[in-house]
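S.K.: What follows is coords-v4.pdb, PDB, C-alpha atoms and all ligand atoms.
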```pdb
ATOM      1  CA  MET A   1      99.101 137.669  71.167  1.00  0.00           C
ATOM      2  CA  ASN A   2     101.026 140.866  70.607  1.00  0.00           C
ATOM      3  CA  GLN A   3     102.979 140.750  67.350  1.00  0.00           C
ATOM      4  CA  GLN A   4     105.079 143.764  68.273  1.00  0.00           C
ATOM      5  CA  VAL A   5     106.334 142.135  71.447  1.00  0.00           C
ATOM      6  CA  ILE A   6     107.112 138.976  69.496  1.00  0.00           C
ATOM      7  CA  GLY A   7     108.901 141.079  66.887  1.00  0.00           C
ATOM      8  CA  LEU A   8     111.044 142.718  69.570  1.00  0.00           C
ATOM      9  CA  ARG A   9     111.986 139.287  70.895  1.00  0.00           C
ATOM     10  CA  ILE A  10     112.962 138.147  67.408  1.00  0.00           C
ATOM     11  CA  LYS A  11     115.087 141.250  67.028  1.00  0.00           C
ATOM     12  CA  GLN A  12     116.741 140.707  70.410  1.00  0.00           C
ATOM     13  CA  ILE A  13     117.594 137.139  69.413  1.00  0.00           C
ATOM     14  CA  ARG A  14     119.055 138.296  66.100  1.00  0.00           C
ATOM     15  CA  ILE A  15     121.094 141.079  67.738  1.00  0.00           C
ATOM     16  CA  SER A  16     122.335 138.741  70.477  1.00  0.00           C
ATOM     17  CA  LEU A  17     123.687 136.477  67.729  1.00  0.00           C
ATOM     18  CA  GLY A  18     125.350 139.456  66.065  1.00  0.00           C
ATOM     19  CA  LYS A  19     123.629 138.761  62.762  1.00  0.00           C
ATOM     20  CA  THR A  20     122.421 141.166  60.103  1.00  0.00           C
ATOM     21  CA  LEU A  21     118.925 140.746  58.641  1.00  0.00           C
ATOM     22  CA  LYS A  22     120.458 138.944  55.687  1.00  0.00           C
ATOM     23  CA  GLU A  23     122.612 136.620  57.797  1.00  0.00           C
ATOM     24  CA  PHE A  24     119.654 135.850  60.027  1.00  0.00           C
ATOM     25  CA  GLY A  25     117.618 134.950  56.958  1.00  0.00           C
ATOM     26  CA  MET A  26     120.248 132.391  55.960  1.00  0.00           C
ATOM     27  CA  GLU A  27     119.517 130.449  59.155  1.00  0.00           C
ATOM     28  CA  PHE A  28     116.260 129.210  57.668  1.00  0.00           C
ATOM     29  CA  SER A  29     115.711 126.656  54.992  1.00  0.00           C
ATOM     30  CA  PRO A  30     114.533 127.804  52.609  1.00  0.00           C
ATOM     31  CA  SER A  31     116.191 131.060  53.593  1.00  0.00           C
ATOM     32  CA  ALA A  32     114.052 134.035  54.598  1.00  0.00           C
ATOM     33  CA  ASP A  33     114.260 137.313  52.732  1.00  0.00           C
ATOM     34  CA  LYS A  34     115.536 140.241  54.814  1.00  0.00           C
ATOM     35  CA  SER A  35     112.378 142.233  54.043  1.00  0.00           C
ATOM     36  CA  ASN A  36     110.411 139.396  55.663  1.00  0.00           C
ATOM     37  CA  ILE A  37     112.563 139.585  58.749  1.00  0.00           C
ATOM     38  CA  SER A  38     112.109 143.326  59.112  1.00  0.00           C
ATOM     39  CA  LYS A  39     108.346 142.739  58.866  1.00  0.00           C
ATOM     40  CA  TRP A  40     108.575 140.187  61.677  1.00  0.00           C
ATOM     41  CA  GLU A  41     110.681 142.522  63.801  1.00  0.00           C
ATOM     42  CA  SER A  42     108.328 145.458  63.354  1.00  0.00           C
ATOM     43  CA  GLY A  43     105.307 143.302  64.167  1.00  0.00           C
ATOM     44  CA  LYS A  44     103.799 143.607  60.689  1.00  0.00           C
ATOM     45  CA  SER A  45     103.783 139.868  60.156  1.00  0.00           C
ATOM     46  CA  LEU A  46     104.414 136.664  62.029  1.00  0.00           C
ATOM     47  CA  PRO A  47     106.878 133.980  60.887  1.00  0.00           C
ATOM     48  CA  SER A  48     105.471 130.604  59.816  1.00  0.00           C
ATOM     49  CA  PRO A  49     105.341 127.909  62.523  1.00  0.00           C
ATOM     50  CA  SER A  50     108.462 126.137  61.218  1.00  0.00           C
ATOM     51  CA  ARG A  51     110.389 129.421  61.191  1.00  0.00           C
ATOM     52  CA  LEU A  52     109.145 130.296  64.665  1.00  0.00           C
ATOM     53  CA  LYS A  53     110.552 126.973  65.818  1.00  0.00           C
ATOM     54  CA  ARG A  54     113.940 127.800  64.300  1.00  0.00           C
ATOM     55  CA  ILE A  55     113.937 131.283  65.879  1.00  0.00           C
ATOM     56  CA  ALA A  56     113.095 129.808  69.285  1.00  0.00           C
ATOM     57  CA  GLU A  57     115.984 127.341  68.871  1.00  0.00           C
ATOM     58  CA  MET A  58     118.374 130.158  68.062  1.00  0.00           C
ATOM     59  CA  GLY A  59     117.187 132.039  71.147  1.00  0.00           C
ATOM     60  CA  ASN A  60     117.435 128.944  73.361  1.00  0.00           C
ATOM     61  CA  MET A  61     113.760 129.140  74.254  1.00  0.00           C
ATOM     62  CA  GLN A  62     110.498 127.345  73.626  1.00  0.00           C
ATOM     63  CA  VAL A  63     108.152 128.551  70.895  1.00  0.00           C
ATOM     64  CA  ALA A  64     105.608 129.154  73.661  1.00  0.00           C
ATOM     65  CA  ASP A  65     108.033 131.568  75.362  1.00  0.00           C
ATOM     66  CA  LEU A  66     108.618 133.371  72.120  1.00  0.00           C
ATOM     67  CA  LEU A  67     104.870 133.787  71.637  1.00  0.00           C
ATOM     68  CA  SER A  68     103.828 134.423  75.228  1.00  0.00           C
ATOM     69  CA  ASN A  69     102.234 137.762  75.784  1.00  0.00           C
ATOM     70  CA  SER A  70     104.416 139.507  78.306  1.00  0.00           C
ATOM     71  CA  LEU A  71     102.532 142.784  78.386  1.00  0.00           C
ATOM     72  CA  LYS A  72     101.841 143.677  81.996  1.00  0.00           C
ATOM     73  CA  LYS A  73      98.589 144.742  83.577  1.00  0.00           C
ATOM     74  CA  CYS A  74      98.322 147.777  85.812  1.00  0.00           C
ATOM     75  CA  PRO A  75      96.895 146.782  89.208  1.00  0.00           C
ATOM     76  CA  ARG A  76      95.301 150.213  89.670  1.00  0.00           C
ATOM     77  CA  CYS A  77      93.702 151.245  86.373  1.00  0.00           C
ATOM     78  CA  LYS A  78      93.673 147.712  84.872  1.00  0.00           C
ATOM     79  CA  TYR A  79      95.350 148.886  81.667  1.00  0.00           C
ATOM     80  CA  GLU A  80      96.714 145.706  80.055  1.00  0.00           C
ATOM     81  CA  GLY A  81      99.114 147.038  77.450  1.00  0.00           C
ATOM     82  CA  ILE A  82     102.177 147.957  79.516  1.00  0.00           C
ATOM     83  CA  GLU A  83     105.317 147.049  77.578  1.00  0.00           C
ATOM     84  CA  PRO A  84     107.695 144.634  79.351  1.00  0.00           C
ATOM     85  CA  ASP A  85     110.419 147.253  79.789  1.00  0.00           C
ATOM     86  CA  TYR A  86     108.159 149.998  81.188  1.00  0.00           C
ATOM     87  CA  LYS A  87     108.455 150.660  84.891  1.00  0.00           C
ATOM     88  CA  PHE A  88     105.454 152.963  85.106  1.00  0.00           C
ATOM     89  CA  CYS A  89     101.899 152.621  83.826  1.00  0.00           C
ATOM     90  CA  PRO A  90     101.517 155.076  80.907  1.00  0.00           C
ATOM     91  CA  ILE A  91      97.864 155.662  81.825  1.00  0.00           C
ATOM     92  CA  CYS A  92      97.862 156.340  85.554  1.00  0.00           C
ATOM     93  CA  GLY A  93     101.598 156.565  86.313  1.00  0.00           C
ATOM     94  CA  LEU A  94     101.607 153.801  88.923  1.00  0.00           C
ATOM     95  CA  LYS A  95     104.975 152.113  89.421  1.00  0.00           C
ATOM     96  CA  VAL A  96     104.733 148.599  88.003  1.00  0.00           C
ATOM     97  CA  GLU A  97     106.690 145.660  89.368  1.00  0.00           C
ATOM     98  CA  VAL A  98     109.283 144.428  86.882  1.00  0.00           C
TER      99      VAL A  98
HETATM  100 ZN    ZN B 101      97.575 152.315  85.514  1.00  0.00          ZN
END
```
Any chance you could give the structure as structure tokens?
M.R.:
Amino acid sequence: MNQQVIGLRIKQIRISLGKTLKEFGMEFSPSADKSNISKWESGKSLPSPSRLKRIAEMGNMQVADLLSNSLKKCPRCKYEGIEPDYKFCPICGLKVEV
């Protein structure tokens, strides 16, 4: 499980709702501190299971989708850490299917 990818998803959900860190924190009960949310978004920590459930709800997805590891694997050099939005393998330069 890649916490940074999960953090990016959390951030995308928050931005898509047009909420600030503070406003996003108010969506939880008890509310989450904005410093907690920036830790989630930067991949430094993972929200608790009940908060993950709330985040998934806000993003209209399942918790499993929120947590799924979407890093891609390079078919040529087998590097497994290609970020979802990369179109080329950073190791060997092969074009990766999106
Ligand atoms: Zn490669």
S.K.: Expressed in Å to a single decimal, how great is the separation between CA of Phe28 (chain A) and CA of Asp85 (chain A)?
M.R.: 29.1 Å
S.K.: Would you tabulate, counting only C-alpha atoms and all ligand atoms, all residues of chain A that have an atom at most 10 Å from an atom of ligand ZN 101 (chain B), showing the closest pair of atoms and their distance in Å to one decimal, sorted by chain then ascending number, as JSON lines?
M.R.:
```
{"residue": "A:Lys73", "atom": "CA", "partner": "B:ZN101", "partner_atom": "ZN", "distance": 7.9}
{"residue": "A:Cys74", "atom": "CA", "partner": "B:ZN101", "partner_atom": "ZN", "distance": 4.6}
{"residue": "A:Pro75", "atom": "CA", "partner": "B:ZN101", "partner_atom": "ZN", "distance": 6.7}
{"residue": "A:Arg76", "atom": "CA", "partner": "B:ZN101", "partner_atom": "ZN", "distance": 5.2}
{"residue": "A:Cys77", "atom": "CA", "partner": "B:ZN101", "partner_atom": "ZN", "distance": 4.1}
{"residue": "A:Lys78", "atom": "CA", "partner": "B:ZN101", "partner_atom": "ZN", "distance": 6.1}
{"residue": "A:Tyr79", "atom": "CA", "partner": "B:ZN101", "partner_atom": "ZN", "distance": 5.6}
{"residue": "A:Glu80", "atom": "CA", "partner": "B:ZN101", "partner_atom": "ZN", "distance": 8.6}
{"residue": "A:Gly81", "atom": "CA", "partner": "B:ZN101", "partner_atom": "ZN", "distance": 9.8}
{"residue": "A:Ile82", "atom": "CA", "partner": "B:ZN101", "partner_atom": "ZN", "distance": 8.7}
{"residue": "A:Phe88", "atom": "CA", "partner": "B:ZN101", "partner_atom": "ZN", "distance": 7.9}
{"residue": "A:Cys89", "atom": "CA", "partner": "B:ZN101", "partner_atom": "ZN", "distance": 4.7}
{"residue": "A:Pro90", "atom": "CA", "partner": "B:ZN101", "partner_atom": "ZN", "distance": 6.7}
{"residue": "A:Ile91", "atom": "CA", "partner": "B:ZN101", "partner_atom": "ZN", "distance": 5.0}
{"residue": "A:Cys92", "atom": "CA", "partner": "B:ZN101", "partner_atom": "ZN", "distance": 4.0}
{"residue": "A:Gly93", "atom": "CA", "partner": "B:ZN101", "partner_atom": "ZN", "distance": 5.9}
{"residue": "A:Leu94", "atom": "CA", "partner": "B:ZN101", "partner_atom": "ZN", "distance": 5.5}
{"residue": "A:Lys95", "atom": "CA", "partner": "B:ZN101", "partner_atom": "ZN", "distance": 8.4}
{"residue": "A:Val96", "atom": "CA", "partner": "B:ZN101", "partner_atom": "ZN", "distance": 8.4}
```
S.K.: Evaluate the PyMOL selection byres (((chain A and resi 52-67) around 8) and not hetatm) here and jot the selected residues down as number ranges by chain.
M.R.: A: 1, 6, 9-10, 13, 28, 47-51, 68-69
S.K.: Would you save the residues of that selection, restricted to C-alpha atoms, as a short mmCIF file (atom, residue, chain, number, x, y, z; two decimals), in the frame of the given file?
M.R.:
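Output file part31.cif is given in full below:
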```cif
data_model
loop_
_atom_site.label_atom_id
_atom_site.label_comp_id
_atom_site.auth_asym_id
_atom_site.auth_seq_id
_atom_site.Cartn_x
_atom_site.Cartn_y
_atom_site.Cartn_z
CA MET A 1 99.10 137.67 71.17
CA ILE A 6 107.11 138.98 69.50
CA ARG A 9 111.99 139.29 70.90
CA ILE A 10 112.96 138.15 67.41
CA ILE A 13 117.59 137.14 69.41
CA PHE A 28 116.26 129.21 57.67
CA PRO A 47 106.88 133.98 60.89
CA SER A 48 105.47 130.60 59.82
CA PRO A 49 105.34 127.91 62.52
CA SER A 50 108.46 126.14 61.22
CA ARG A 51 110.39 129.42 61.19
CA SER A 68 103.83 134.42 75.23
CA ASN A 69 102.23 137.76 75.78
#
```
S.K.: Please expand the PyMOL selection byres (((chain A and resi 3) around 9) and not hetatm) into the concrete residues it hits in this file, giving the result as a PDB file with C-alpha atoms, keeping the file's coordinate frame.
M.R.:
```pdb
ATOM      1  CA  MET A   1      99.101 137.669  71.167  1.00  0.00           C
ATOM      2  CA  ASN A   2     101.026 140.866  70.607  1.00  0.00           C
ATOM      3  CA  GLN A   4     105.079 143.764  68.273  1.00  0.00           C
ATOM      4  CA  VAL A   5     106.334 142.135  71.447  1.00  0.00           C
ATOM      5  CA  ILE A   6     107.112 138.976  69.496  1.00  0.00           C
ATOM      6  CA  GLY A   7     108.901 141.079  66.887  1.00  0.00           C
ATOM      7  CA  LEU A   8     111.044 142.718  69.570  1.00  0.00           C
ATOM      8  CA  TRP A  40     108.575 140.187  61.677  1.00  0.00           C
ATOM      9  CA  GLU A  41     110.681 142.522  63.801  1.00  0.00           C
ATOM     10  CA  SER A  42     108.328 145.458  63.354  1.00  0.00           C
ATOM     11  CA  GLY A  43     105.307 143.302  64.167  1.00  0.00           C
ATOM     12  CA  LYS A  44     103.799 143.607  60.689  1.00  0.00           C
ATOM     13  CA  SER A  45     103.783 139.868  60.156  1.00  0.00           C
ATOM     14  CA  LEU A  46     104.414 136.664  62.029  1.00  0.00           C
ATOM     15  CA  LEU A  67     104.870 133.787  71.637  1.00  0.00           C
ATOM     16  CA  ASN A  69     102.234 137.762  75.784  1.00  0.00           C
TER      17      ASN A  69
END
```
S.K.: Expressed in Å to a single decimal, how great is the separation between CA of Leu21 (chain A) and CA of Leu71 (chain A)?
M.R.: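 The value is 25.7 Å.
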S.K.: Between CA of Lys22 (chain A) and CA of Ser35 (chain A), what distance in Å does the model show, to one decimal?
M.R.: 8.9 Å
S.K.: Could you give me the centre and size, in Å to one decimal, of an axis-aligned box around all listed atoms of region 37-56 of chain A with 8 Å added on every side, as lines of an AutoDock Vina configuration file?
M.R.:
```
center_x = 108.9
center_y = 135.8
center_z = 64.0
size_x = 26.2
size_y = 35.3
size_z = 26.5
```
S.K.: Smallest atom-to-atom distance to Ser38 (chain A): which of A:Lys19, A:Lys72, A:Lys87, A:Lys11, using all atoms listed in the file?
M.R.: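 Closest to Ser38 (chain A), using all atoms listed in the file: A:Lys11.
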